[in-house]
Number of protein chains: 2
Amino acid sequence: MREHVRKLKGKLDKRGLDAFLVTQNIRYLAGTTAGKAVIIPIDAAPVIICSRLELEQARRESWIRDIRAFSSWRAPLRRGERVYFSRPWQLIADCLKELGARAVGYDRAGRELIRKLWGANPANYRELPDLMLELRMIKSKEEVALLQKSARIAMRGMSCAAESIALGRTELEIVAEVEYEMRKAGSDGTPFNTIVASGRNSWLPHAAATQKRLRRGELIVVDLGATCMGYASDLTRTFALAPTGRQVKLVETVKRAQKAALARVRGGVGARGVDGAAREVISRAGYAKFCPHGTGHGIGLDTHEPPSLAPDSKDALREGMVLTVEPGVYVPRLSGARWEDMVLVTRGGYKLLTKFPLGVHPCLDT
Amino acid sequence: MREHVRKLKGKLDKRGLDAFLVTQNIRYLAGTTAGKAVIIPIDAAPVIICSRLELEQARRESWIRDIRAFSSWRAPLRRGERVYFSRPWQLIADCLKELGARAVGYDRAGRELIRKLWGANPANYRELPDLMLELRMIKSKEEVALLQKSARIAMRGMSCAAESIALGRTELEIVAEVEYEMRKAGSDGTPFNTIVASGRNSWLPHAAATQKRLRRGELIVVDLGATCMGYASDLTRTFALAPTGRQVKLVETVKRAQKAALARVRGGVGARGVDGAAREVISRAGYAKFCPHGTGHGIGLDTHEPPSLAPDSKDALREGMVLTVEPGVYVPRLSGARWEDMVLVTRGGYKLLTKFPLGVHPCLDT
């Protein structure tokens, strides 16, 4: 995280900013979830602003030592406890004033907050959400290790899904088993709502699991993730229960599309071309109309981060990015199918962070 | 949800607004999670703005019929599929223009989005996040039924925690069991990270569960919730493994503080007074310095909603609000303890939505 702050300071210099205020990227810079805001001055130590009730947690978790706690009301304090009896925005404003910050960037904030800050410390406030997202695109070794760990837990979740899928079980039952398995394997929590989408739910890319039972002649899309120290994983497989020939063709198409996209992945190439390679396979198979989303996305502390693998993407892949590659095709009344893995982009290609199946799973024999 | 839109329209009229744009309260108004924005014109039908990939989901889930899908790139469409090849903000701007909206409220948005909307449709844009939160404070019968269902699942989760807590087990193991139980009972997901905080973790109000094992002489704070159609529940109990006398006193204090607060709850009273009643019990027991958070909060589609039960609260309780009442005391090197239930505020008092223990749980015999 110190490293992340160092990198951010480099960016501030180029943009002529004295300080940066984050409310969305606290964990990335401070290594704790306990803060309400972090202020990074260009030539002084960073400051965490947190609620009194999270002060001790911030102290335990963060490497940042200047932690200022607020309480919205006056209350007796413990010996040695230092708390500002003020509103969070006041504490932020006071801190910016103390730093003499004249040009302040921020990642995201309501107009109201900025209006108040301006009232207390009239500076040039600039909303620059992309600045942090750009930094976060390239993962450090430590981040890659956490993403790998998170991916391994997702693989265990997927094994559990493969073992749990059976005629007559409900989508929610499979979700319960999968999340239980991942929690036992050390996941901090599910980074997005686990998807088990069968039959008519399978052609909704963002289906929520329901009480619907699994039936013959259905594909089942399982899209799951774990979290390790905040770092998400994201893995999708499409299973089948006595599928029809057309359903088998569908699954084979997304698998081939993924292969074609992966073959293009390496540092320096355009994200658009990777998406194009998958889209071409899908078009040639006659599914061009049924391909409503991009082929993948960056992943890290958020499940969806830049870069975007899509026809309108302007991003270029760079060494050290971690991406999902996940073409999907959704044909109403036939089925949906998606196949997703996580990769680390290297200079010459990529390293696969997810592998599945590990053994043989009969329901993958589509 | 139609009812929610009707209520919102009443508020718009009073504020002189032609339309309201929501990006944060989509489920509340539209009954789906599939939208990116909803526009509520004062004298026309509401409009959902969603991504092409969520179009069918929005159609299945929402009562709103005017659903406009965007795709950031040109692509072949299915027969009958209507999609705007534009950016979401363009679609929002076009829709506001078509409506001739001159005074537009919104719940929350970045400056950048508002700048773009203004460029395309120069109107008076006003950030009014409180307007939606005020509406949401009073729950309809349907909302109370969902909150009650969600609370019942939380009670099952807590029974599971009581059965799972044992010497030598880790906090994360207990979390895995509890979440599994709630998922099997039909929870849509966990509305916040389930807390199982033992020993030195118990005095962090927002502790994350860890690999730490449960030991003798420790209190264990379990704070969990389920979700039903988006509606959250929130329930806390403090368990003990061979506690010391001082630890027992701590738990008894928070239980008495909760009782004192509950005795004040009814339509028309100030939220501040309810908090004060709990705080007084805690102060008299000598723990005034160890009580860093308010005594409760509204709950609904978000775990934390207005009103706030705290010393600086200006809210008044009203019939139809659903609240948590959860005094907590956190004494470093002794333990933390918190006791939380959900109540529906009635004219003459309250109805308890959570009850626990249902049977006898030995570890609650503190």
# chains A, B, ... in the order shown; residues from 1 in each chain; ligands from 1
>>> residues_around(residues="Gly10 in chain B", least_positions_apart="4", cutoff="12 Å", atoms="only C-alpha atoms", output="PyMOL selection string")
chain B and resi 3-6+14-20+40-43+131-132+135
>>> residues_around(residues="Glu127 in chain A", least_positions_apart="6", cutoff="7 Å", atoms="only C-alpha atoms", output="ChimeraX atom specification")
/A:105-108
>>> atom_distance(atom1="CA of Arg347 in chain B", atom2="CA of Val265 in chain B")
9.4 Å
>>> residues_around(residues="range 180-184 of chain B", least_positions_apart="6", cutoff="7 Å", atoms="only C-alpha atoms", output="ChimeraX atom specification")
/A:173,176,180 /B:153-154,156-157,160,226
>>> write_last_selection(atoms="all heavy atoms", output="PDB file, in the first residue's frame")
ATOM      1  N   GLU A 173     -30.026 -23.833  -3.684  1.00  0.00           N
ATOM      2  CA  GLU A 173     -29.318 -24.891  -2.950  1.00  0.00           C
ATOM      3  C   GLU A 173     -27.868 -24.998  -3.421  1.00  0.00           C
ATOM      4  O   GLU A 173     -26.948 -25.139  -2.610  1.00  0.00           O
ATOM      5  CB  GLU A 173     -30.013 -26.249  -3.150  1.00  0.00           C
ATOM      6  CG  GLU A 173     -31.245 -26.444  -2.269  1.00  0.00           C
ATOM      7  CD  GLU A 173     -32.089 -27.656  -2.697  1.00  0.00           C
ATOM      8  OE1 GLU A 173     -31.557 -28.542  -3.403  1.00  0.00           O
ATOM      9  OE2 GLU A 173     -33.273 -27.696  -2.330  1.00  0.00           O
ATOM     10  N   ALA A 176     -25.914 -22.132  -2.013  1.00  0.00           N
ATOM     11  CA  ALA A 176     -25.606 -22.334  -0.590  1.00  0.00           C
ATOM     12  C   ALA A 176     -24.379 -23.236  -0.428  1.00  0.00           C
ATOM     13  O   ALA A 176     -23.464 -22.928   0.351  1.00  0.00           O
ATOM     14  CB  ALA A 176     -26.817 -22.936   0.135  1.00  0.00           C
ATOM     15  N   TYR A 180     -20.647 -21.900   0.942  1.00  0.00           N
ATOM     16  CA  TYR A 180     -20.187 -22.589   2.167  1.00  0.00           C
ATOM     17  C   TYR A 180     -18.776 -23.129   1.943  1.00  0.00           C
ATOM     18  O   TYR A 180     -17.866 -22.914   2.754  1.00  0.00           O
ATOM     19  CB  TYR A 180     -21.174 -23.711   2.462  1.00  0.00           C
ATOM     20  CG  TYR A 180     -20.922 -24.527   3.712  1.00  0.00           C
ATOM     21  CD1 TYR A 180     -20.689 -23.918   4.937  1.00  0.00           C
ATOM     22  CD2 TYR A 180     -20.976 -25.917   3.668  1.00  0.00           C
ATOM     23  CE1 TYR A 180     -20.499 -24.682   6.083  1.00  0.00           C
ATOM     24  CE2 TYR A 180     -20.794 -26.686   4.809  1.00  0.00           C
ATOM     25  CZ  TYR A 180     -20.549 -26.063   6.016  1.00  0.00           C
ATOM     26  OH  TYR A 180     -20.366 -26.812   7.142  1.00  0.00           O
TER      27      TYR A 180
ATOM     28  N   ILE B 153     -35.152 -15.347   8.892  1.00  0.00           N
ATOM     29  CA  ILE B 153     -33.975 -16.091   8.417  1.00  0.00           C
ATOM     30  C   ILE B 153     -32.770 -15.757   9.301  1.00  0.00           C
ATOM     31  O   ILE B 153     -31.972 -16.634   9.638  1.00  0.00           O
ATOM     32  CB  ILE B 153     -33.695 -15.790   6.933  1.00  0.00           C
ATOM     33  CG1 ILE B 153     -34.898 -16.223   6.079  1.00  0.00           C
ATOM     34  CG2 ILE B 153     -32.424 -16.502   6.465  1.00  0.00           C
ATOM     35  CD1 ILE B 153     -34.763 -15.897   4.598  1.00  0.00           C
ATOM     36  N   ALA B 154     -32.653 -14.496   9.701  1.00  0.00           N
ATOM     37  CA  ALA B 154     -31.553 -14.108  10.594  1.00  0.00           C
ATOM     38  C   ALA B 154     -31.640 -14.866  11.922  1.00  0.00           C
ATOM     39  O   ALA B 154     -30.615 -15.275  12.486  1.00  0.00           O
ATOM     40  CB  ALA B 154     -31.579 -12.600  10.841  1.00  0.00           C
ATOM     41  N   ARG B 156     -32.795 -17.837  12.328  1.00  0.00           N
ATOM     42  CA  ARG B 156     -32.261 -19.183  12.067  1.00  0.00           C
ATOM     43  C   ARG B 156     -30.744 -19.157  12.010  1.00  0.00           C
ATOM     44  O   ARG B 156     -30.077 -20.072  12.487  1.00  0.00           O
ATOM     45  CB  ARG B 156     -32.831 -19.735  10.764  1.00  0.00           C
ATOM     46  CG  ARG B 156     -34.282 -20.159  10.941  1.00  0.00           C
ATOM     47  CD  ARG B 156     -34.856 -20.822   9.723  1.00  0.00           C
ATOM     48  NE  ARG B 156     -34.145 -22.031   9.325  1.00  0.00           N
ATOM     49  CZ  ARG B 156     -34.616 -22.880   8.416  1.00  0.00           C
ATOM     50  NH1 ARG B 156     -35.796 -22.653   7.856  1.00  0.00           N
ATOM     51  NH2 ARG B 156     -33.924 -23.949   8.073  1.00  0.00           N
ATOM     52  N   GLY B 157     -30.211 -18.087  11.430  1.00  0.00           N
ATOM     53  CA  GLY B 157     -28.753 -17.941  11.394  1.00  0.00           C
ATOM     54  C   GLY B 157     -28.176 -17.868  12.803  1.00  0.00           C
ATOM     55  O   GLY B 157     -27.144 -18.476  13.105  1.00  0.00           O
ATOM     56  N   CYS B 160     -28.093 -21.160  14.516  1.00  0.00           N
ATOM     57  CA  CYS B 160     -26.958 -21.915  13.981  1.00  0.00           C
ATOM     58  C   CYS B 160     -25.661 -21.460  14.636  1.00  0.00           C
ATOM     59  O   CYS B 160     -24.814 -22.287  14.994  1.00  0.00           O
ATOM     60  CB  CYS B 160     -26.917 -21.745  12.469  1.00  0.00           C
ATOM     61  SG  CYS B 160     -25.468 -22.464  11.714  1.00  0.00           S
ATOM     62  N   ALA B 226     -29.738 -11.375   6.841  1.00  0.00           N
ATOM     63  CA  ALA B 226     -30.132 -12.043   5.606  1.00  0.00           C
ATOM     64  C   ALA B 226     -30.721 -10.988   4.677  1.00  0.00           C
ATOM     65  O   ALA B 226     -30.809  -9.812   5.043  1.00  0.00           O
ATOM     66  CB  ALA B 226     -31.162 -13.116   5.910  1.00  0.00           C
TER      67      ALA B 226
END
>>> atom_distance(atom1="CA of Lys97 in chain A", atom2="CA of Asn121 in chain A")
5.8 Å
>>> closest_atom_pairs(of="chain A", to="chain B", cutoff="9 Å", atoms="only C-alpha atoms", output="Markdown table")
| residue | atom | partner | partner_atom | distance |
| --- | --- | --- | --- | --- |
| A:Ala34 | CA | B:His206 | CA | 8.1 |
| A:Ser51 | CA | B:Pro292 | CA | 8.9 |
| A:Arg52 | CA | B:Pro292 | CA | 6.3 |
| A:Leu53 | CA | B:Pro292 | CA | 5.2 |
| A:Glu54 | CA | B:His206 | CA | 7.0 |
| A:Leu55 | CA | B:Leu204 | CA | 8.7 |
| A:Glu56 | CA | B:Leu204 | CA | 6.9 |
| A:Gln57 | CA | B:Leu204 | CA | 6.2 |
| A:Ser71 | CA | B:Pro292 | CA | 7.9 |
| A:Ser72 | CA | B:Asp312 | CA | 6.8 |
| A:Trp73 | CA | B:Asp312 | CA | 5.9 |
| A:Arg74 | CA | B:Pro311 | CA | 8.5 |
| A:Ala75 | CA | B:Lys289 | CA | 7.1 |
| A:Pro76 | CA | B:Lys289 | CA | 4.9 |
| A:Leu77 | CA | B:Lys289 | CA | 4.9 |
| A:Arg78 | CA | B:Lys289 | CA | 5.4 |
| A:Arg79 | CA | B:Lys289 | CA | 9.0 |
| A:Arg108 | CA | B:Gly110 | CA | 6.7 |
| A:Ala109 | CA | B:Gly110 | CA | 6.7 |
| A:Gly110 | CA | B:Gly110 | CA | 6.3 |
| A:Arg111 | CA | B:Arg111 | CA | 6.6 |
| A:Glu112 | CA | B:Glu127 | CA | 7.6 |
| A:Glu127 | CA | B:Arg111 | CA | 7.3 |
| A:Leu172 | CA | B:Arg183 | CA | 7.2 |
| A:Glu173 | CA | B:Lys184 | CA | 6.2 |
| A:Val175 | CA | B:Arg183 | CA | 7.7 |
| A:Ala176 | CA | B:Arg183 | CA | 5.2 |
| A:Glu177 | CA | B:Tyr180 | CA | 7.1 |
| A:Glu179 | CA | B:Tyr180 | CA | 7.2 |
| A:Tyr180 | CA | B:Tyr180 | CA | 5.5 |
| A:Glu181 | CA | B:Ala176 | CA | 8.0 |
| A:Met182 | CA | B:Ala176 | CA | 8.4 |
| A:Arg183 | CA | B:Ala176 | CA | 5.2 |
| A:Lys184 | CA | B:Ala176 | CA | 6.0 |
| A:Gly186 | CA | B:Leu172 | CA | 7.3 |
| A:Ser187 | CA | B:Leu172 | CA | 8.8 |
| A:Asp188 | CA | B:Ala209 | CA | 7.9 |
| A:Gly189 | CA | B:Asn193 | CA | 7.0 |
| A:Thr190 | CA | B:Thr190 | CA | 8.8 |
| A:Asn193 | CA | B:Gly189 | CA | 7.0 |
| A:Thr194 | CA | B:Gly189 | CA | 8.7 |
| A:Trp203 | CA | B:Glu56 | CA | 8.7 |
| A:Leu204 | CA | B:Gln57 | CA | 6.2 |
| A:Pro205 | CA | B:Leu53 | CA | 6.6 |
| A:His206 | CA | B:Glu54 | CA | 7.0 |
| A:Ala207 | CA | B:Gln57 | CA | 7.4 |
| A:Ala208 | CA | B:Asp188 | CA | 8.3 |
| A:Ala209 | CA | B:Asp188 | CA | 7.9 |
| A:Thr210 | CA | B:Asp188 | CA | 8.5 |
| A:Gln211 | CA | B:Gly186 | CA | 8.2 |
| A:Ala288 | CA | B:Pro76 | CA | 6.3 |
| A:Lys289 | CA | B:Pro76 | CA | 4.9 |
| A:Phe290 | CA | B:Arg78 | CA | 7.2 |
| A:Cys291 | CA | B:Leu53 | CA | 8.5 |
| A:Pro292 | CA | B:Leu53 | CA | 5.2 |
| A:His293 | CA | B:Leu53 | CA | 6.2 |
| A:Ala310 | CA | B:Trp73 | CA | 8.5 |
| A:Pro311 | CA | B:Trp73 | CA | 6.3 |
| A:Asp312 | CA | B:Trp73 | CA | 5.9 |
>>> select_by_dssp(residues="range 85-268 of chain B", states="alpha helix (DSSP H)", output="JSON, numbers by chain")
{"B": [88, 89, 90, 91, 92, 93, 94, 95, 96, 97, 98, 99, 111, 112, 113, 114, 115, 116, 117, 118, 119, 120, 129, 130, 131, 132, 133, 134, 135, 136, 137, 141, 142, 143, 144, 145, 146, 147, 148, 149, 150, 151, 152, 153, 154, 155, 156, 157, 158, 159, 160, 161, 162, 163, 164, 171, 172, 173, 174, 175, 176, 177, 178, 179, 180, 181, 182, 183, 184, 245, 246, 247, 248, 249, 250, 251, 252, 253, 254, 255, 256, 257, 258, 259, 260, 261, 262, 263, 264]}
>>> closest_residue(among="A:Leu219, A:Ala93, A:Ala260, A:Met229", to="Glu61 in chain A", atoms="only C-alpha atoms")
A:Met229
>>> residues_around(residues="Asp66 in chain B", least_positions_apart="6", cutoff="9 Å", atoms="only C-alpha atoms", output="PyMOL selection string")
chain B and resi 45-49
>>> write_last_selection(atoms="N, CA, C and O atoms", output="PDB file, in the first residue's frame")
ATOM      1  N   ALA B  45     -45.212   8.633 -17.561  1.00  0.00           N
ATOM      2  CA  ALA B  45     -44.834   7.323 -17.022  1.00  0.00           C
ATOM      3  C   ALA B  45     -43.328   7.262 -16.790  1.00  0.00           C
ATOM      4  O   ALA B  45     -42.555   7.886 -17.519  1.00  0.00           O
ATOM      5  N   PRO B  46     -42.897   6.522 -15.764  1.00  0.00           N
ATOM      6  CA  PRO B  46     -41.463   6.422 -15.486  1.00  0.00           C
ATOM      7  C   PRO B  46     -40.714   5.631 -16.562  1.00  0.00           C
ATOM      8  O   PRO B  46     -41.312   4.854 -17.295  1.00  0.00           O
ATOM      9  N   VAL B  47     -39.405   5.854 -16.623  1.00  0.00           N
ATOM     10  CA  VAL B  47     -38.560   5.227 -17.641  1.00  0.00           C
ATOM     11  C   VAL B  47     -37.367   4.565 -16.957  1.00  0.00           C
ATOM     12  O   VAL B  47     -36.734   5.182 -16.097  1.00  0.00           O
ATOM     13  N   ILE B  48     -37.089   3.336 -17.339  1.00  0.00           N
ATOM     14  CA  ILE B  48     -35.856   2.676 -16.881  1.00  0.00           C
ATOM     15  C   ILE B  48     -34.811   2.784 -17.979  1.00  0.00           C
ATOM     16  O   ILE B  48     -35.112   2.544 -19.148  1.00  0.00           O
ATOM     17  N   ILE B  49     -33.595   3.147 -17.597  1.00  0.00           N
ATOM     18  CA  ILE B  49     -32.450   3.144 -18.511  1.00  0.00           C
ATOM     19  C   ILE B  49     -31.582   1.959 -18.102  1.00  0.00           C
ATOM     20  O   ILE B  49     -31.139   1.891 -16.946  1.00  0.00           O
TER      21      ILE B  49
END
>>> select_by_dssp(residues="range 92-199 of chain B", states="strand (DSSP E)", output="count of residues only")
12
>>> residues_around(residues="Pro243 in chain A", least_positions_apart="2", cutoff="12 Å", atoms="only C-alpha atoms", output="PDB file with N, CA and C atoms, in the first residue's frame")
ATOM      1  N   SER A 198     -30.258 -21.538 -14.449  1.00  0.00           N
ATOM      2  CA  SER A 198     -30.584 -22.718 -15.251  1.00  0.00           C
ATOM      3  C   SER A 198     -31.770 -22.415 -16.162  1.00  0.00           C
ATOM      4  N   GLY A 199     -31.853 -23.175 -17.236  1.00  0.00           N
ATOM      5  CA  GLY A 199     -33.001 -23.064 -18.145  1.00  0.00           C
ATOM      6  C   GLY A 199     -33.251 -21.628 -18.552  1.00  0.00           C
ATOM      7  N   ARG A 215     -33.595 -29.046 -14.322  1.00  0.00           N
ATOM      8  CA  ARG A 215     -34.322 -30.072 -15.083  1.00  0.00           C
ATOM      9  C   ARG A 215     -33.494 -30.605 -16.249  1.00  0.00           C
ATOM     10  N   ARG A 216     -33.937 -31.704 -16.810  1.00  0.00           N
ATOM     11  CA  ARG A 216     -33.273 -32.287 -17.989  1.00  0.00           C
ATOM     12  C   ARG A 216     -33.364 -31.308 -19.154  1.00  0.00           C
ATOM     13  N   GLY A 217     -32.347 -31.368 -20.009  1.00  0.00           N
ATOM     14  CA  GLY A 217     -32.378 -30.515 -21.196  1.00  0.00           C
ATOM     15  C   GLY A 217     -32.087 -29.058 -20.894  1.00  0.00           C
ATOM     16  N   GLU A 218     -31.387 -28.818 -19.775  1.00  0.00           N
ATOM     17  CA  GLU A 218     -31.058 -27.432 -19.415  1.00  0.00           C
ATOM     18  C   GLU A 218     -29.547 -27.239 -19.314  1.00  0.00           C
ATOM     19  N   LEU A 219     -29.103 -26.031 -19.679  1.00  0.00           N
ATOM     20  CA  LEU A 219     -27.739 -25.629 -19.336  1.00  0.00           C
ATOM     21  C   LEU A 219     -27.810 -24.850 -18.027  1.00  0.00           C
ATOM     22  N   ILE A 220     -26.725 -24.909 -17.256  1.00  0.00           N
ATOM     23  CA  ILE A 220     -26.675 -24.208 -15.976  1.00  0.00           C
ATOM     24  C   ILE A 220     -25.400 -23.366 -15.962  1.00  0.00           C
ATOM     25  N   THR A 238     -20.224 -23.416 -17.666  1.00  0.00           N
ATOM     26  CA  THR A 238     -21.586 -23.769 -18.049  1.00  0.00           C
ATOM     27  C   THR A 238     -21.714 -25.282 -17.992  1.00  0.00           C
ATOM     28  N   PHE A 239     -22.600 -25.743 -17.144  1.00  0.00           N
ATOM     29  CA  PHE A 239     -22.827 -27.174 -16.987  1.00  0.00           C
ATOM     30  C   PHE A 239     -24.065 -27.576 -17.776  1.00  0.00           C
ATOM     31  N   ALA A 240     -24.273 -28.876 -17.913  1.00  0.00           N
ATOM     32  CA  ALA A 240     -25.412 -29.334 -18.700  1.00  0.00           C
ATOM     33  C   ALA A 240     -26.029 -30.568 -18.082  1.00  0.00           C
ATOM     34  N   LEU A 241     -27.352 -30.655 -18.158  1.00  0.00           N
ATOM     35  CA  LEU A 241     -28.055 -31.871 -17.745  1.00  0.00           C
ATOM     36  C   LEU A 241     -28.806 -32.376 -18.974  1.00  0.00           C
ATOM     37  N   GLY A 245     -28.468 -31.132 -28.864  1.00  0.00           N
ATOM     38  CA  GLY A 245     -27.330 -30.879 -29.744  1.00  0.00           C
ATOM     39  C   GLY A 245     -27.059 -29.385 -29.906  1.00  0.00           C
ATOM     40  N   ARG A 246     -28.125 -28.588 -30.010  1.00  0.00           N
ATOM     41  CA  ARG A 246     -27.943 -27.142 -30.192  1.00  0.00           C
ATOM     42  C   ARG A 246     -27.332 -26.511 -28.945  1.00  0.00           C
ATOM     43  N   GLN A 247     -27.688 -27.024 -27.785  1.00  0.00           N
ATOM     44  CA  GLN A 247     -27.105 -26.500 -26.539  1.00  0.00           C
ATOM     45  C   GLN A 247     -25.618 -26.842 -26.457  1.00  0.00           C
ATOM     46  N   VAL A 248     -25.285 -28.059 -26.875  1.00  0.00           N
ATOM     47  CA  VAL A 248     -23.872 -28.458 -26.879  1.00  0.00           C
ATOM     48  C   VAL A 248     -23.079 -27.536 -27.799  1.00  0.00           C
ATOM     49  N   LYS A 249     -23.655 -27.236 -28.950  1.00  0.00           N
ATOM     50  CA  LYS A 249     -22.991 -26.355 -29.921  1.00  0.00           C
ATOM     51  C   LYS A 249     -22.744 -24.970 -29.297  1.00  0.00           C
ATOM     52  N   LEU A 250     -23.731 -24.513 -28.532  1.00  0.00           N
ATOM     53  CA  LEU A 250     -23.632 -23.205 -27.881  1.00  0.00           C
ATOM     54  C   LEU A 250     -22.426 -23.161 -26.928  1.00  0.00           C
ATOM     55  N   VAL A 251     -22.339 -24.178 -26.084  1.00  0.00           N
ATOM     56  CA  VAL A 251     -21.237 -24.225 -25.111  1.00  0.00           C
ATOM     57  C   VAL A 251     -19.896 -24.328 -25.829  1.00  0.00           C
ATOM     58  N   LEU A 334     -33.435 -21.097 -26.123  1.00  0.00           N
ATOM     59  CA  LEU A 334     -32.468 -22.190 -26.285  1.00  0.00           C
ATOM     60  C   LEU A 334     -31.677 -22.297 -24.982  1.00  0.00           C
ATOM     61  N   SER A 335     -30.826 -21.302 -24.714  1.00  0.00           N
ATOM     62  CA  SER A 335     -30.068 -21.250 -23.456  1.00  0.00           C
ATOM     63  C   SER A 335     -29.059 -20.118 -23.510  1.00  0.00           C
ATOM     64  N   CYS A 363     -20.692 -33.644 -15.688  1.00  0.00           N
ATOM     65  CA  CYS A 363     -21.643 -32.679 -16.255  1.00  0.00           C
ATOM     66  C   CYS A 363     -20.957 -31.666 -17.157  1.00  0.00           C
ATOM     67  N   LEU A 364     -19.618 -31.710 -17.219  1.00  0.00           N
ATOM     68  CA  LEU A 364     -18.939 -30.841 -18.177  1.00  0.00           C
ATOM     69  C   LEU A 364     -18.797 -31.520 -19.537  1.00  0.00           C
ATOM     70  N   ASP A 365     -19.170 -32.816 -19.615  1.00  0.00           N
ATOM     71  CA  ASP A 365     -19.058 -33.539 -20.877  1.00  0.00           C
ATOM     72  C   ASP A 365     -20.181 -33.158 -21.825  1.00  0.00           C
ATOM     73  N   THR A 366     -20.211 -31.929 -22.209  1.00  0.00           N
ATOM     74  CA  THR A 366     -21.292 -31.512 -23.115  1.00  0.00           C
ATOM     75  C   THR A 366     -20.921 -31.890 -24.530  1.00  0.00           C
TER      76      THR A 366
END
>>> residues_around(residues="His304 in chain A", least_positions_apart="6", cutoff="10 Å", atoms="only C-alpha atoms", output="list in words")
Ala232, Asp234, Gly296, His297, Gly298, Leu323 and Thr324 of chain A
>>> closest_residue(among="A:Val83, A:Leu99, A:Leu113, A:Ala123", to="Ala44 in chain A", atoms="only C-alpha atoms")
A:Leu99
>>> residues_around(residues="Thr253 in chain A", least_positions_apart="3", cutoff="8 Å", atoms="only C-alpha atoms", output="list in words")
Lys249, Leu250, Arg256, Ala257, Val281, Ile282 and Ala285 of chain A
>>> atom_distance(atom1="CA of Arg27 in chain B", atom2="CA of Gly320 in chain B")
19.6 Å
>>> decode(residues="range 152-165 of chain A", atoms="N, CA and C atoms", output="mmCIF file, in the first residue's frame")
data_model
loop_
_atom_site.group_PDB
_atom_site.id
_atom_site.type_symbol
_atom_site.label_atom_id
_atom_site.label_comp_id
_atom_site.auth_asym_id
_atom_site.auth_seq_id
_atom_site.Cartn_x
_atom_site.Cartn_y
_atom_site.Cartn_z
ATOM 1 N N ARG A 152 -7.893 -19.487 -6.504
ATOM 2 C CA ARG A 152 -7.843 -20.900 -6.077
ATOM 3 C C ARG A 152 -9.083 -21.268 -5.283
ATOM 4 N N ILE A 153 -9.534 -20.340 -4.439
ATOM 5 C CA ILE A 153 -10.753 -20.621 -3.668
ATOM 6 C C ILE A 153 -11.955 -20.721 -4.613
ATOM 7 N N ALA A 154 -11.973 -19.875 -5.631
ATOM 8 C CA ALA A 154 -13.073 -19.947 -6.615
ATOM 9 C C ALA A 154 -13.069 -21.304 -7.314
ATOM 10 N N MET A 155 -11.875 -21.834 -7.597
ATOM 11 C CA MET A 155 -11.787 -23.152 -8.236
ATOM 12 C C MET A 155 -12.400 -24.222 -7.333
ATOM 13 N N ARG A 156 -12.158 -24.102 -6.034
ATOM 14 C CA ARG A 156 -12.780 -25.044 -5.090
ATOM 15 C C ARG A 156 -14.289 -24.877 -5.092
ATOM 16 N N GLY A 157 -14.742 -23.645 -5.190
ATOM 17 C CA GLY A 157 -16.181 -23.381 -5.271
ATOM 18 C C GLY A 157 -16.780 -24.053 -6.502
ATOM 19 N N MET A 158 -16.043 -23.976 -7.619
ATOM 20 C CA MET A 158 -16.570 -24.545 -8.859
ATOM 21 C C MET A 158 -16.594 -26.075 -8.786
ATOM 22 N N SER A 159 -15.592 -26.662 -8.157
ATOM 23 C CA SER A 159 -15.621 -28.128 -7.948
ATOM 24 C C SER A 159 -16.860 -28.503 -7.165
ATOM 25 N N CYS A 160 -17.149 -27.712 -6.147
ATOM 26 C CA CYS A 160 -18.316 -27.970 -5.320
ATOM 27 C C CYS A 160 -19.596 -27.848 -6.150
ATOM 28 N N ALA A 161 -19.648 -26.861 -7.034
ATOM 29 C CA ALA A 161 -20.830 -26.705 -7.905
ATOM 30 C C ALA A 161 -20.997 -27.948 -8.768
ATOM 31 N N ALA A 162 -19.875 -28.395 -9.328
ATOM 32 C CA ALA A 162 -19.936 -29.569 -10.214
ATOM 33 C C ALA A 162 -20.472 -30.783 -9.466
ATOM 34 N N GLU A 163 -20.076 -30.904 -8.200
ATOM 35 C CA GLU A 163 -20.536 -32.058 -7.407
ATOM 36 C C GLU A 163 -21.982 -31.888 -6.948
ATOM 37 N N SER A 164 -22.428 -30.642 -6.819
ATOM 38 C CA SER A 164 -23.761 -30.393 -6.257
ATOM 39 C C SER A 164 -24.869 -30.398 -7.307
ATOM 40 N N ILE A 165 -24.501 -30.076 -8.537
ATOM 41 C CA ILE A 165 -25.533 -29.975 -9.591
ATOM 42 C C ILE A 165 -26.157 -31.342 -9.833
#
